[in-house]
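Data from upload.txt: compact mmCIF, C-alpha atoms
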# COMPACT_ATOMS: atom_id res chain seq x y z
CA MET A 1 -53.81 -55.68 33.10
CA ASN A 2 -51.37 -54.14 30.59
CA THR A 3 -47.99 -53.72 32.28
CA GLN A 4 -46.07 -52.61 29.20
CA PRO A 5 -44.30 -49.20 29.54
CA PRO A 6 -45.77 -46.39 27.44
CA THR A 7 -44.38 -46.16 23.95
CA ALA A 8 -42.20 -43.08 23.39
CA ARG A 9 -43.44 -40.73 20.69
CA SER A 10 -41.31 -40.88 17.54
CA PRO A 11 -39.58 -37.61 16.60
CA ARG A 12 -41.25 -35.62 13.83
CA THR A 13 -39.28 -34.38 10.84
CA PRO A 14 -38.10 -30.79 11.47
CA THR A 15 -39.00 -28.03 9.07
CA VAL A 16 -36.41 -26.01 7.18
CA ALA A 17 -37.46 -22.87 9.08
CA GLN A 18 -36.87 -24.64 12.40
CA LEU A 19 -33.42 -25.82 11.33
CA ARG A 20 -32.44 -22.34 10.14
CA ALA A 21 -33.57 -20.78 13.39
CA PHE A 22 -31.67 -23.30 15.50
CA VAL A 23 -28.46 -23.03 13.44
CA ALA A 24 -28.54 -19.24 13.86
CA VAL A 25 -29.02 -19.52 17.63
CA ALA A 26 -26.29 -22.15 17.91
CA GLU A 27 -23.84 -19.96 16.00
CA TYR A 28 -24.59 -16.64 17.71
CA ARG A 29 -25.41 -18.08 21.16
CA HIS A 30 -27.86 -15.21 21.58
CA PHE A 31 -31.51 -15.01 20.48
CA ARG A 32 -31.49 -11.28 19.73
CA GLU A 33 -28.32 -11.42 17.62
CA ALA A 34 -29.51 -14.56 15.83
CA ALA A 35 -32.84 -12.91 15.06
CA ALA A 36 -31.09 -9.83 13.66
CA ALA A 37 -28.80 -12.00 11.51
CA THR A 38 -31.71 -13.95 10.04
CA GLY A 39 -34.00 -10.96 9.58
CA THR A 40 -36.75 -12.31 11.81
CA SER A 41 -38.27 -11.29 15.12
CA GLN A 42 -36.90 -12.66 18.38
CA PRO A 43 -40.24 -14.23 19.46
CA ALA A 44 -40.58 -15.97 16.06
CA LEU A 45 -37.03 -17.29 16.27
CA SER A 46 -37.49 -18.50 19.84
CA GLY A 47 -40.77 -20.15 18.86
CA ALA A 48 -39.13 -21.96 15.94
CA VAL A 49 -36.38 -23.35 18.19
CA ALA A 50 -38.95 -24.45 20.76
CA ALA A 51 -40.98 -26.12 18.00
CA LEU A 52 -37.86 -27.96 16.85
CA GLU A 53 -37.22 -29.21 20.39
CA GLU A 54 -40.87 -30.33 20.58
CA SER A 55 -40.60 -32.08 17.21
CA LEU A 56 -37.47 -33.97 18.24
CA GLY A 57 -38.56 -34.52 21.83
CA ALA A 58 -35.23 -33.27 23.17
CA GLN A 59 -33.74 -30.13 24.72
CA LEU A 60 -31.22 -28.51 22.39
CA VAL A 61 -30.49 -25.24 24.21
CA GLU A 62 -30.45 -23.95 27.78
CA ARG A 63 -31.90 -20.44 28.00
CA THR A 64 -30.45 -17.99 30.54
CA THR A 65 -30.96 -14.26 30.97
CA ARG A 66 -27.55 -13.49 29.46
CA LYS A 67 -26.77 -16.14 26.86
CA VAL A 68 -27.73 -19.39 25.21
CA ILE A 69 -25.97 -22.65 26.09
CA VAL A 70 -26.20 -25.40 23.49
CA THR A 71 -26.58 -28.86 25.02
CA PRO A 72 -24.25 -31.70 23.99
CA LEU A 73 -27.06 -33.19 21.90
CA GLY A 74 -27.74 -29.74 20.50
CA GLU A 75 -24.15 -29.51 19.28
CA ARG A 76 -24.58 -32.77 17.34
CA VAL A 77 -27.93 -31.62 15.92
CA HIS A 78 -26.27 -28.32 14.94
CA GLU A 79 -23.72 -30.12 12.76
CA HIS A 80 -26.44 -32.22 11.09
CA ALA A 81 -28.62 -29.17 10.54
CA ARG A 82 -25.77 -27.25 8.92
CA ARG A 83 -25.18 -30.09 6.47
CA VAL A 84 -28.90 -30.35 5.65
CA LEU A 85 -29.20 -26.61 5.00
CA ALA A 86 -26.03 -26.62 2.90
CA SER A 87 -27.44 -29.46 0.79
CA LEU A 88 -30.70 -27.58 0.30
CA GLN A 89 -28.76 -24.46 -0.68
CA ALA A 90 -26.72 -26.49 -3.17
CA LEU A 91 -29.93 -27.85 -4.69
CA THR A 92 -31.33 -24.34 -5.11
CA GLU A 93 -28.03 -23.09 -6.55
CA GLU A 94 -27.87 -25.90 -9.08
CA VAL A 95 -31.36 -25.19 -10.39
CA GLU A 96 -30.78 -21.41 -10.49
CA ALA A 97 -27.35 -21.71 -12.11
CA ALA A 98 -28.73 -23.98 -14.82
CA ARG A 99 -31.69 -21.70 -15.37
CA ARG A 100 -29.95 -18.32 -15.70
CA PRO A 101 -26.42 -17.42 -14.52
CA PHE A 102 -25.78 -14.07 -12.83
CA THR A 103 -29.39 -13.64 -11.78
CA GLY A 104 -31.15 -13.81 -8.45
CA PRO A 105 -29.64 -13.33 -4.98
CA LEU A 106 -25.91 -13.61 -4.28
CA HIS A 107 -24.73 -13.24 -0.69
CA LEU A 108 -21.17 -11.89 -0.68
CA GLY A 109 -19.15 -11.92 2.54
CA VAL A 110 -16.28 -9.43 2.87
CA ILE A 111 -13.69 -8.93 5.60
CA PRO A 112 -13.52 -5.43 7.20
CA THR A 113 -9.95 -4.76 5.99
CA VAL A 114 -11.10 -5.22 2.37
CA ALA A 115 -14.69 -3.94 2.29
CA PRO A 116 -14.15 -0.13 2.33
CA TYR A 117 -11.42 -0.24 -0.31
CA LEU A 118 -12.68 -2.79 -2.85
CA LEU A 119 -16.46 -2.63 -2.55
CA PRO A 120 -16.86 0.54 -4.66
CA THR A 121 -15.16 -1.27 -7.55
CA VAL A 122 -17.08 -4.51 -6.94
CA LEU A 123 -20.45 -2.76 -6.73
CA ARG A 124 -19.77 -0.80 -9.91
CA LEU A 125 -18.89 -4.04 -11.71
CA VAL A 126 -22.10 -5.73 -10.59
CA ARG A 127 -24.21 -2.73 -11.54
CA ASP A 128 -22.66 -2.38 -15.00
CA ARG A 129 -22.21 -6.03 -16.06
CA TYR A 130 -24.68 -8.04 -13.99
CA PRO A 131 -27.77 -5.86 -13.51
CA GLU A 132 -30.00 -8.88 -12.79
CA LEU A 133 -27.77 -10.08 -9.95
CA GLU A 134 -29.29 -9.27 -6.56
CA LEU A 135 -26.17 -8.66 -4.48
CA HIS A 136 -26.29 -8.78 -0.67
CA VAL A 137 -23.08 -7.71 1.13
CA HIS A 138 -22.14 -9.01 4.59
CA GLU A 139 -19.10 -7.44 6.30
CA GLU A 140 -17.80 -9.86 8.93
CA ARG A 141 -14.52 -11.21 10.23
CA THR A 142 -13.02 -14.31 8.67
CA PRO A 143 -14.23 -16.95 11.19
CA SER A 144 -17.82 -15.72 10.91
CA LEU A 145 -17.60 -15.63 7.10
CA LEU A 146 -16.33 -19.20 6.93
CA GLU A 147 -19.12 -20.39 9.23
CA GLY A 148 -21.66 -18.58 7.07
CA LEU A 149 -20.26 -20.14 3.91
CA ALA A 150 -20.33 -23.65 5.38
CA ALA A 151 -23.91 -23.18 6.62
CA GLY A 152 -25.14 -21.84 3.28
CA ARG A 153 -25.90 -18.38 4.68
CA LEU A 154 -23.23 -16.90 2.37
CA ASP A 155 -22.46 -17.87 -1.23
CA VAL A 156 -19.00 -16.45 -1.89
CA LEU A 157 -16.39 -14.66 0.21
CA LEU A 158 -13.92 -11.86 -0.60
CA LEU A 159 -11.04 -12.19 1.85
CA ALA A 160 -7.37 -12.93 2.43
CA LEU A 161 -6.21 -16.32 1.16
CA PRO A 162 -5.78 -19.08 2.04
CA ALA A 163 -9.23 -19.06 3.58
CA GLY A 164 -10.36 -22.26 5.26
CA GLY A 165 -8.20 -24.98 3.74
CA THR A 166 -8.75 -27.11 0.66
CA SER A 167 -11.33 -29.31 2.36
CA GLN A 168 -13.49 -26.38 3.51
CA THR A 169 -13.27 -23.86 0.67
CA ARG A 170 -12.40 -23.55 -2.97
CA ASP A 171 -10.06 -20.53 -3.19
CA ILE A 172 -9.92 -18.36 -6.33
CA PRO A 173 -6.99 -15.88 -6.16
CA LEU A 174 -7.50 -12.35 -7.48
CA PHE A 175 -4.41 -10.29 -6.61
CA ASP A 176 -1.41 -9.78 -4.35
CA GLU A 177 -0.78 -6.48 -2.58
CA ASP A 178 2.10 -5.10 -0.51
CA PHE A 179 1.95 -3.90 3.06
CA VAL A 180 3.04 -0.32 3.68
CA LEU A 181 4.47 0.95 6.96
CA VAL A 182 2.58 4.03 8.16
CA THR A 183 4.24 6.49 10.57
CA PRO A 184 3.71 10.05 11.82
CA PRO A 185 5.28 12.60 9.40
CA GLU A 186 8.09 13.51 11.82
CA HIS A 187 9.24 9.89 12.18
CA PRO A 188 12.83 9.24 10.98
CA LEU A 189 11.56 6.65 8.46
CA ALA A 190 8.77 8.86 7.07
CA GLY A 191 8.67 8.92 3.28
CA ARG A 192 11.54 6.46 2.79
CA ALA A 193 11.50 3.61 0.27
CA ASP A 194 13.32 0.27 0.11
CA VAL A 195 13.64 -0.08 3.88
CA PRO A 196 14.46 -3.58 5.15
CA ARG A 197 11.93 -5.52 7.12
CA ASP A 198 14.16 -5.62 10.18
CA VAL A 199 13.35 -1.95 10.90
CA LEU A 200 10.32 -3.47 12.64
CA LEU A 201 12.64 -4.64 15.42
CA ASP A 202 12.90 -1.11 16.77
CA LEU A 203 9.30 0.03 16.25
CA ASP A 204 6.14 -0.03 18.35
CA VAL A 205 3.77 -1.64 15.84
CA LEU A 206 0.10 -1.06 16.65
CA LEU A 207 -2.31 -3.89 15.84
CA LEU A 208 -5.97 -4.52 15.26
CA GLU A 209 -7.85 -6.36 17.99
CA GLU A 210 -8.15 -10.14 18.11
CA GLY A 211 -10.21 -11.77 15.36
CA HIS A 212 -8.88 -9.80 12.39
CA CYS A 213 -6.80 -11.80 9.91
CA LEU A 214 -4.77 -8.64 9.22
CA ARG A 215 -3.63 -8.69 12.84
CA ASP A 216 -2.34 -12.24 12.39
CA GLN A 217 -0.59 -11.28 9.15
CA ALA A 218 1.10 -8.29 10.82
CA LEU A 219 2.23 -10.51 13.69
CA ASP A 220 3.69 -13.05 11.24
CA ILE A 221 5.64 -10.33 9.39
CA CYS A 222 7.09 -8.96 12.61
CA ARG A 223 8.00 -12.38 13.95
CA GLU A 224 9.81 -13.27 10.72
CA VAL A 225 12.47 -10.71 11.69
CA GLY A 226 12.36 -11.52 15.40
CA ALA A 227 10.17 -8.59 16.45
CA GLU A 228 7.43 -9.03 19.03
CA PRO A 229 4.79 -6.35 18.42
CA GLY A 230 1.76 -5.70 20.52
CA GLY A 231 3.50 -4.79 23.77
CA SER A 232 1.18 -1.82 24.05
CA THR A 233 -2.32 -2.44 25.37
CA THR A 234 -3.69 -0.12 22.68
CA ARG A 235 -5.88 -1.98 20.18
CA ALA A 236 -8.18 -0.83 17.38
CA ALA A 237 -11.36 -2.40 16.02
CA GLY A 238 -10.76 -1.08 12.50
CA LEU A 239 -8.11 0.41 10.23
CA SER A 240 -9.56 3.92 10.42
CA THR A 241 -9.05 3.99 14.19
CA LEU A 242 -5.63 2.38 13.84
CA VAL A 243 -4.28 5.11 11.55
CA GLN A 244 -5.69 7.80 13.84
CA LEU A 245 -3.66 6.27 16.67
CA VAL A 246 -0.58 6.50 14.46
CA ALA A 247 -1.40 10.11 13.56
CA GLY A 248 -1.62 10.82 17.28
CA GLY A 249 1.92 9.57 17.82
CA LEU A 250 1.15 6.31 19.62
CA GLY A 251 3.22 4.15 17.25
CA VAL A 252 3.31 2.87 13.67
CA THR A 253 1.27 0.27 11.81
CA LEU A 254 1.09 -1.85 8.67
CA LEU A 255 -1.55 -1.08 6.04
CA PRO A 256 -2.43 -3.00 2.88
CA ALA A 257 -1.64 -0.91 -0.20
CA THR A 258 -5.31 -0.77 -1.26
CA ALA A 259 -6.17 0.99 2.03
CA LEU A 260 -3.40 3.59 1.93
CA ASP A 261 -5.00 6.33 -0.17
CA VAL A 262 -8.34 6.12 1.65
CA GLU A 263 -6.90 6.09 5.16
CA ALA A 264 -4.05 8.54 4.57
CA GLY A 265 -6.53 10.93 2.98
CA ARG A 266 -8.31 11.37 6.31
CA THR A 267 -5.42 13.29 7.90
CA ASP A 268 -2.16 15.06 7.08
CA ARG A 269 -0.50 13.42 10.07
CA LEU A 270 0.54 10.22 8.26
CA ALA A 271 3.53 9.24 6.13
CA ALA A 272 4.11 6.05 4.13
CA VAL A 273 7.26 3.92 4.23
CA ARG A 274 7.87 1.35 1.48
CA PHE A 275 9.66 -1.94 2.11
CA ALA A 276 12.47 -3.29 -0.05
CA ALA A 277 11.50 -6.05 -2.46
CA PRO A 278 10.15 -8.56 -1.86
CA ALA A 279 7.83 -6.50 0.30
CA PRO A 280 5.59 -8.28 2.79
CA GLY A 281 2.01 -8.56 1.61
CA ARG A 282 -1.14 -10.58 1.37
CA ARG A 283 -3.19 -12.37 -1.31
CA ILE A 284 -6.84 -11.48 -1.76
CA GLY A 285 -9.35 -13.68 -3.53
CA LEU A 286 -12.72 -15.36 -3.51
CA ALA A 287 -13.66 -18.44 -1.50
CA THR A 288 -16.63 -20.67 -2.32
CA ARG A 289 -17.93 -24.04 -1.22
CA PRO A 290 -16.18 -26.95 -2.96
CA GLY A 291 -18.40 -28.46 -5.61
CA SER A 292 -20.82 -25.52 -5.70
CA ALA A 293 -23.24 -25.64 -8.61
CA ARG A 294 -22.29 -22.03 -9.37
CA SER A 295 -18.54 -22.71 -9.63
CA ALA A 296 -18.35 -21.75 -13.31
CA GLU A 297 -20.26 -18.57 -12.56
CA TYR A 298 -17.85 -17.68 -9.74
CA ASP A 299 -14.87 -18.27 -12.03
CA ARG A 300 -16.32 -15.83 -14.57
CA PHE A 301 -17.05 -13.34 -11.78
CA ALA A 302 -13.42 -13.62 -10.61
CA ALA A 303 -12.16 -12.98 -14.14
CA SER A 304 -14.29 -9.84 -14.34
CA LEU A 305 -13.03 -8.72 -10.94
CA ARG A 306 -9.41 -9.08 -12.04
CA GLU A 307 -10.08 -6.77 -14.98
CA VAL A 308 -11.52 -3.94 -12.89
CA LEU A 309 -9.19 -4.36 -9.90
CA ALA A 310 -6.11 -4.00 -12.11
CA GLU A 311 -6.40 -0.22 -11.74
CA LEU A 312 -5.61 -0.50 -8.02
CA PRO A 313 -2.07 -0.77 -6.56
CA VAL A 314 -2.07 -4.57 -6.79
CA ARG A 315 -0.52 -7.42 -8.80
CA ILE A 316 -3.23 -9.45 -10.53
CA VAL A 317 -2.99 -13.24 -10.13
CA THR A 318 -4.18 -15.23 -13.14

Kindly transcribe the structure held in the file into structure tokens.
Amino acid sequence: MNTQPPTARSPRTPTVAQLRAFVAVAEYRHFREAAAATGTSQPALSGAVAALEESLGAQLVERTTRKVIVTPLGERVHEHARRVLASLQALTEEVEAARRPFTGPLHLGVIPTVAPYLLPTVLRLVRDRYPELELHVHEERTPSLLEGLAAGRLDVLLLALPAGGTSQTRDIPLFDEDFVLVTPPEHPLAGRADVPRDVLLDLDVLLLEEGHCLRDQALDICREVGAEPGGSTTRAAGLSTLVQLVAGGLGVTLLPATALDVEAGRTDRLAAVRFAAPAPGRRIGLATRPGSARSAEYDRFAASLREVLAELPVRIVT
């Protein structure tokens, strides 16, 4: 009689669709949100993840009514899957870049504190100079953008630099811009220029909510002079709400110069205060994957962007 234990079935090679579905679920930790992000239905996404688990013969996620929990093995598979998808994306990019530059799809990620103020210029540039480029815009916060870039979901990012570090991204600077202090019109500082940074010591500086890089930049500026902002529990999800809080007299805030005209134009209850040189500010640029096959294309795109962005209140970085 055969007493040998049954032989375990060898794992089958996963499909690209299964890997993409699992990576999305692992990143969003929610089937509905992952399905929306990938443009597929929730049943199809769930089925693809289940098929991947069946192919590998292992449980990768725990499904609950509220959220998805990735198993320890699932976390390791997630990292492998991201690298596989990134390699496949690089292969596609290399073929497309060699075939015809500035054609086909380009997924551009943009942070919320840049998108409303620069996108009109960026979209006009693409329409006028690169009509065969199929641009897809994704407005997300910096951590999500960097994850999308690493996974191959996004091709290039427009955000505050430095982005993810030299090992994670290749940063291409575009311009520097100053921060402007925004106050109600009756504030003693309203309309002044050349004010020192230490005025922040005596001000209630309102901030964006956690997750915005602009919040971290504002905190750094305040802490440089020994100020500790954020004592108020008031937070805003976006700059438009933030300036409305200022207009309502709840405090002051810091705005990037490119946002000033747009946001101040929404109400007559705001006044701008300029800092003495060197004014605090931020650097905006592109971030791509190191070694991308489209690197030369992105460099040319950055050069074109510098030309058209020079009309804004910024200092172009060459």

- Task: Have a look at atom CA of A:Gly265 and atom CA of A:Asp202 and let me know their distance in Å, one decimal.
- Result: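 Separation between atom CA of A:Gly265 and atom CA of A:Asp202: 26.7 Å.
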
- Query: For A:Glu75, which residue among A:Val61, A:Leu260, A:Ala24, A:Leu45 is the nearest when counting all atoms listed in the file?
  - Reply: A:Val61

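Between A:Pro120 and the residues A:Val262, A:Asp216, A:Val156, A:Gln168, the shortest atom-to-atom distance, using all atoms listed in the file, involves A:Val262.
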
- Residue among A:Pro290, A:Pro105, A:Pro72, A:Gly211 lying closest to A:Ala236, counting all atoms listed in the file: A:Gly211

- Nearest-residue call for A:Pro188, choices A:Ala115, A:Ala272, A:Ala257, A:Leu208, using all atoms listed in the file: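 The shortest atom-to-atom distance to A:Pro188 comes from A:Ala272.
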
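With all atoms listed in the file as the basis for measurement, A:Leu286 is the residue among A:Val246, A:Ala36, A:Ala218, A:Leu286 that approaches A:Tyr298 most closely.
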
- Item | Near-A:Leu88 list (9 Å; only C-alpha atoms; drop same-chain fewer than 5 positions) as a list in words |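 Contacts, with the query itself left out: Arg83, Glu93 and Gly152 of chain A.
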
The residues within 6 Å of (5.0, 0.6, 18.4), using all atoms listed in the file and the coordinates of the file, should be reported as a PDB file with C-alpha atoms, keeping the file's coordinate frame; which are they?
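File result-v2.pdb, as written:
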ATOM      1  CA  LEU A 203       9.300   0.030  16.250  1.00  0.00           C
ATOM      2  CA  ASP A 204       6.140  -0.030  18.350  1.00  0.00           C
ATOM      3  CA  VAL A 205       3.770  -1.640  15.840  1.00  0.00           C
ATOM      4  CA  LEU A 206       0.100  -1.060  16.650  1.00  0.00           C
ATOM      5  CA  GLY A 251       3.220   4.150  17.250  1.00  0.00           C
ATOM      6  CA  VAL A 252       3.310   2.870  13.670  1.00  0.00           C
TER       7      VAL A 252
END

- Query: Looking at only C-alpha atoms, which of A:Leu207, A:Leu149, A:Val199, A:Ala17 is the one that sits closest to A:His107?
  - Reply: A:Leu149

- Task: Might you pull out every residue within 12 Å of A:Leu52, with all atoms listed in the file counted and same-chain residues fewer than 4 positions away left off, and present them as a list of chain:residue names?
- Result: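 Within the cut-off, the hits are A:Pro11, A:Arg12, A:Thr13, A:Pro14, A:Thr15, A:Val16, A:Ala17, A:Gln18, A:Leu19, A:Arg20, A:Ala21, A:Phe22, A:Val23, A:Leu45, A:Ser46, A:Gly47, A:Ala48, A:Leu56, A:Gly57, A:Ala58, A:Gln59, A:Leu60, A:Val61, A:Gly74, A:Val77, A:His78, A:Ala81.
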
Could I see stretch 178-194 of chain A restored to N, CA, C and O atoms, set down as a PDB file, in the coordinates of the input?
ATOM      1  N   ASP A 178       1.060  -5.320  -1.506  1.00  0.00           N
ATOM      2  CA  ASP A 178       2.100  -5.100  -0.510  1.00  0.00           C
ATOM      3  C   ASP A 178       1.519  -4.461   0.738  1.00  0.00           C
ATOM      4  O   ASP A 178       0.488  -3.782   0.700  1.00  0.00           O
ATOM      5  N   PHE A 179       2.219  -4.662   1.852  1.00  0.00           N
ATOM      6  CA  PHE A 179       1.950  -3.900   3.060  1.00  0.00           C
ATOM      7  C   PHE A 179       2.856  -2.667   3.069  1.00  0.00           C
ATOM      8  O   PHE A 179       4.013  -2.712   2.625  1.00  0.00           O
ATOM      9  N   VAL A 180       2.313  -1.583   3.570  1.00  0.00           N
ATOM     10  CA  VAL A 180       3.040  -0.320   3.680  1.00  0.00           C
ATOM     11  C   VAL A 180       3.123   0.047   5.153  1.00  0.00           C
ATOM     12  O   VAL A 180       2.137  -0.082   5.884  1.00  0.00           O
ATOM     13  N   LEU A 181       4.302   0.491   5.590  1.00  0.00           N
ATOM     14  CA  LEU A 181       4.470   0.950   6.960  1.00  0.00           C
ATOM     15  C   LEU A 181       4.004   2.397   7.047  1.00  0.00           C
ATOM     16  O   LEU A 181       4.407   3.231   6.236  1.00  0.00           O
ATOM     17  N   VAL A 182       3.123   2.684   7.995  1.00  0.00           N
ATOM     18  CA  VAL A 182       2.580   4.030   8.160  1.00  0.00           C
ATOM     19  C   VAL A 182       3.082   4.605   9.473  1.00  0.00           C
ATOM     20  O   VAL A 182       2.975   3.967  10.529  1.00  0.00           O
ATOM     21  N   THR A 183       3.640   5.833   9.406  1.00  0.00           N
ATOM     22  CA  THR A 183       4.240   6.490  10.570  1.00  0.00           C
ATOM     23  C   THR A 183       3.722   7.929  10.657  1.00  0.00           C
ATOM     24  O   THR A 183       3.152   8.454   9.696  1.00  0.00           O
ATOM     25  N   PRO A 184       3.942   8.602  11.788  1.00  0.00           N
ATOM     26  CA  PRO A 184       3.710  10.050  11.820  1.00  0.00           C
ATOM     27  C   PRO A 184       4.700  10.752  10.885  1.00  0.00           C
ATOM     28  O   PRO A 184       5.781  10.212  10.607  1.00  0.00           O
ATOM     29  N   PRO A 185       4.403  11.950  10.385  1.00  0.00           N
ATOM     30  CA  PRO A 185       5.280  12.600   9.400  1.00  0.00           C
ATOM     31  C   PRO A 185       6.652  12.973   9.935  1.00  0.00           C
ATOM     32  O   PRO A 185       7.606  13.085   9.164  1.00  0.00           O
ATOM     33  N   GLU A 186       6.789  13.141  11.247  1.00  0.00           N
ATOM     34  CA  GLU A 186       8.090  13.510  11.820  1.00  0.00           C
ATOM     35  C   GLU A 186       8.951  12.291  12.154  1.00  0.00           C
ATOM     36  O   GLU A 186      10.098  12.444  12.615  1.00  0.00           O
ATOM     37  N   HIS A 187       8.474  11.106  11.878  1.00  0.00           N
ATOM     38  CA  HIS A 187       9.240   9.890  12.180  1.00  0.00           C
ATOM     39  C   HIS A 187      10.466   9.818  11.287  1.00  0.00           C
ATOM     40  O   HIS A 187      10.416  10.214  10.113  1.00  0.00           O
ATOM     41  N   PRO A 188      11.602   9.320  11.791  1.00  0.00           N
ATOM     42  CA  PRO A 188      12.830   9.240  10.980  1.00  0.00           C
ATOM     43  C   PRO A 188      12.668   8.441   9.687  1.00  0.00           C
ATOM     44  O   PRO A 188      13.378   8.696   8.712  1.00  0.00           O
ATOM     45  N   LEU A 189      11.756   7.468   9.658  1.00  0.00           N
ATOM     46  CA  LEU A 189      11.560   6.650   8.460  1.00  0.00           C
ATOM     47  C   LEU A 189      10.556   7.260   7.476  1.00  0.00           C
ATOM     48  O   LEU A 189      10.405   6.756   6.362  1.00  0.00           O
ATOM     49  N   ALA A 190       9.879   8.321   7.862  1.00  0.00           N
ATOM     50  CA  ALA A 190       8.770   8.860   7.070  1.00  0.00           C
ATOM     51  C   ALA A 190       9.199   9.169   5.639  1.00  0.00           C
ATOM     52  O   ALA A 190      10.203   9.836   5.402  1.00  0.00           O
ATOM     53  N   GLY A 191       8.434   8.633   4.689  1.00  0.00           N
ATOM     54  CA  GLY A 191       8.670   8.920   3.280  1.00  0.00           C
ATOM     55  C   GLY A 191       9.749   8.086   2.624  1.00  0.00           C
ATOM     56  O   GLY A 191       9.952   8.196   1.412  1.00  0.00           O
ATOM     57  N   ARG A 192      10.442   7.243   3.380  1.00  0.00           N
ATOM     58  CA  ARG A 192      11.540   6.460   2.790  1.00  0.00           C
ATOM     59  C   ARG A 192      10.997   5.282   1.977  1.00  0.00           C
ATOM     60  O   ARG A 192       9.870   4.837   2.148  1.00  0.00           O
ATOM     61  N   ALA A 193      11.825   4.795   1.071  1.00  0.00           N
ATOM     62  CA  ALA A 193      11.500   3.610   0.270  1.00  0.00           C
ATOM     63  C   ALA A 193      12.632   2.602   0.410  1.00  0.00           C
ATOM     64  O   ALA A 193      13.741   2.945   0.826  1.00  0.00           O
ATOM     65  N   ASP A 194      12.328   1.342   0.084  1.00  0.00           N
ATOM     66  CA  ASP A 194      13.320   0.270   0.110  1.00  0.00           C
ATOM     67  C   ASP A 194      13.921   0.050   1.494  1.00  0.00           C
ATOM     68  O   ASP A 194      15.112  -0.257   1.623  1.00  0.00           O
TER      69      ASP A 194
END
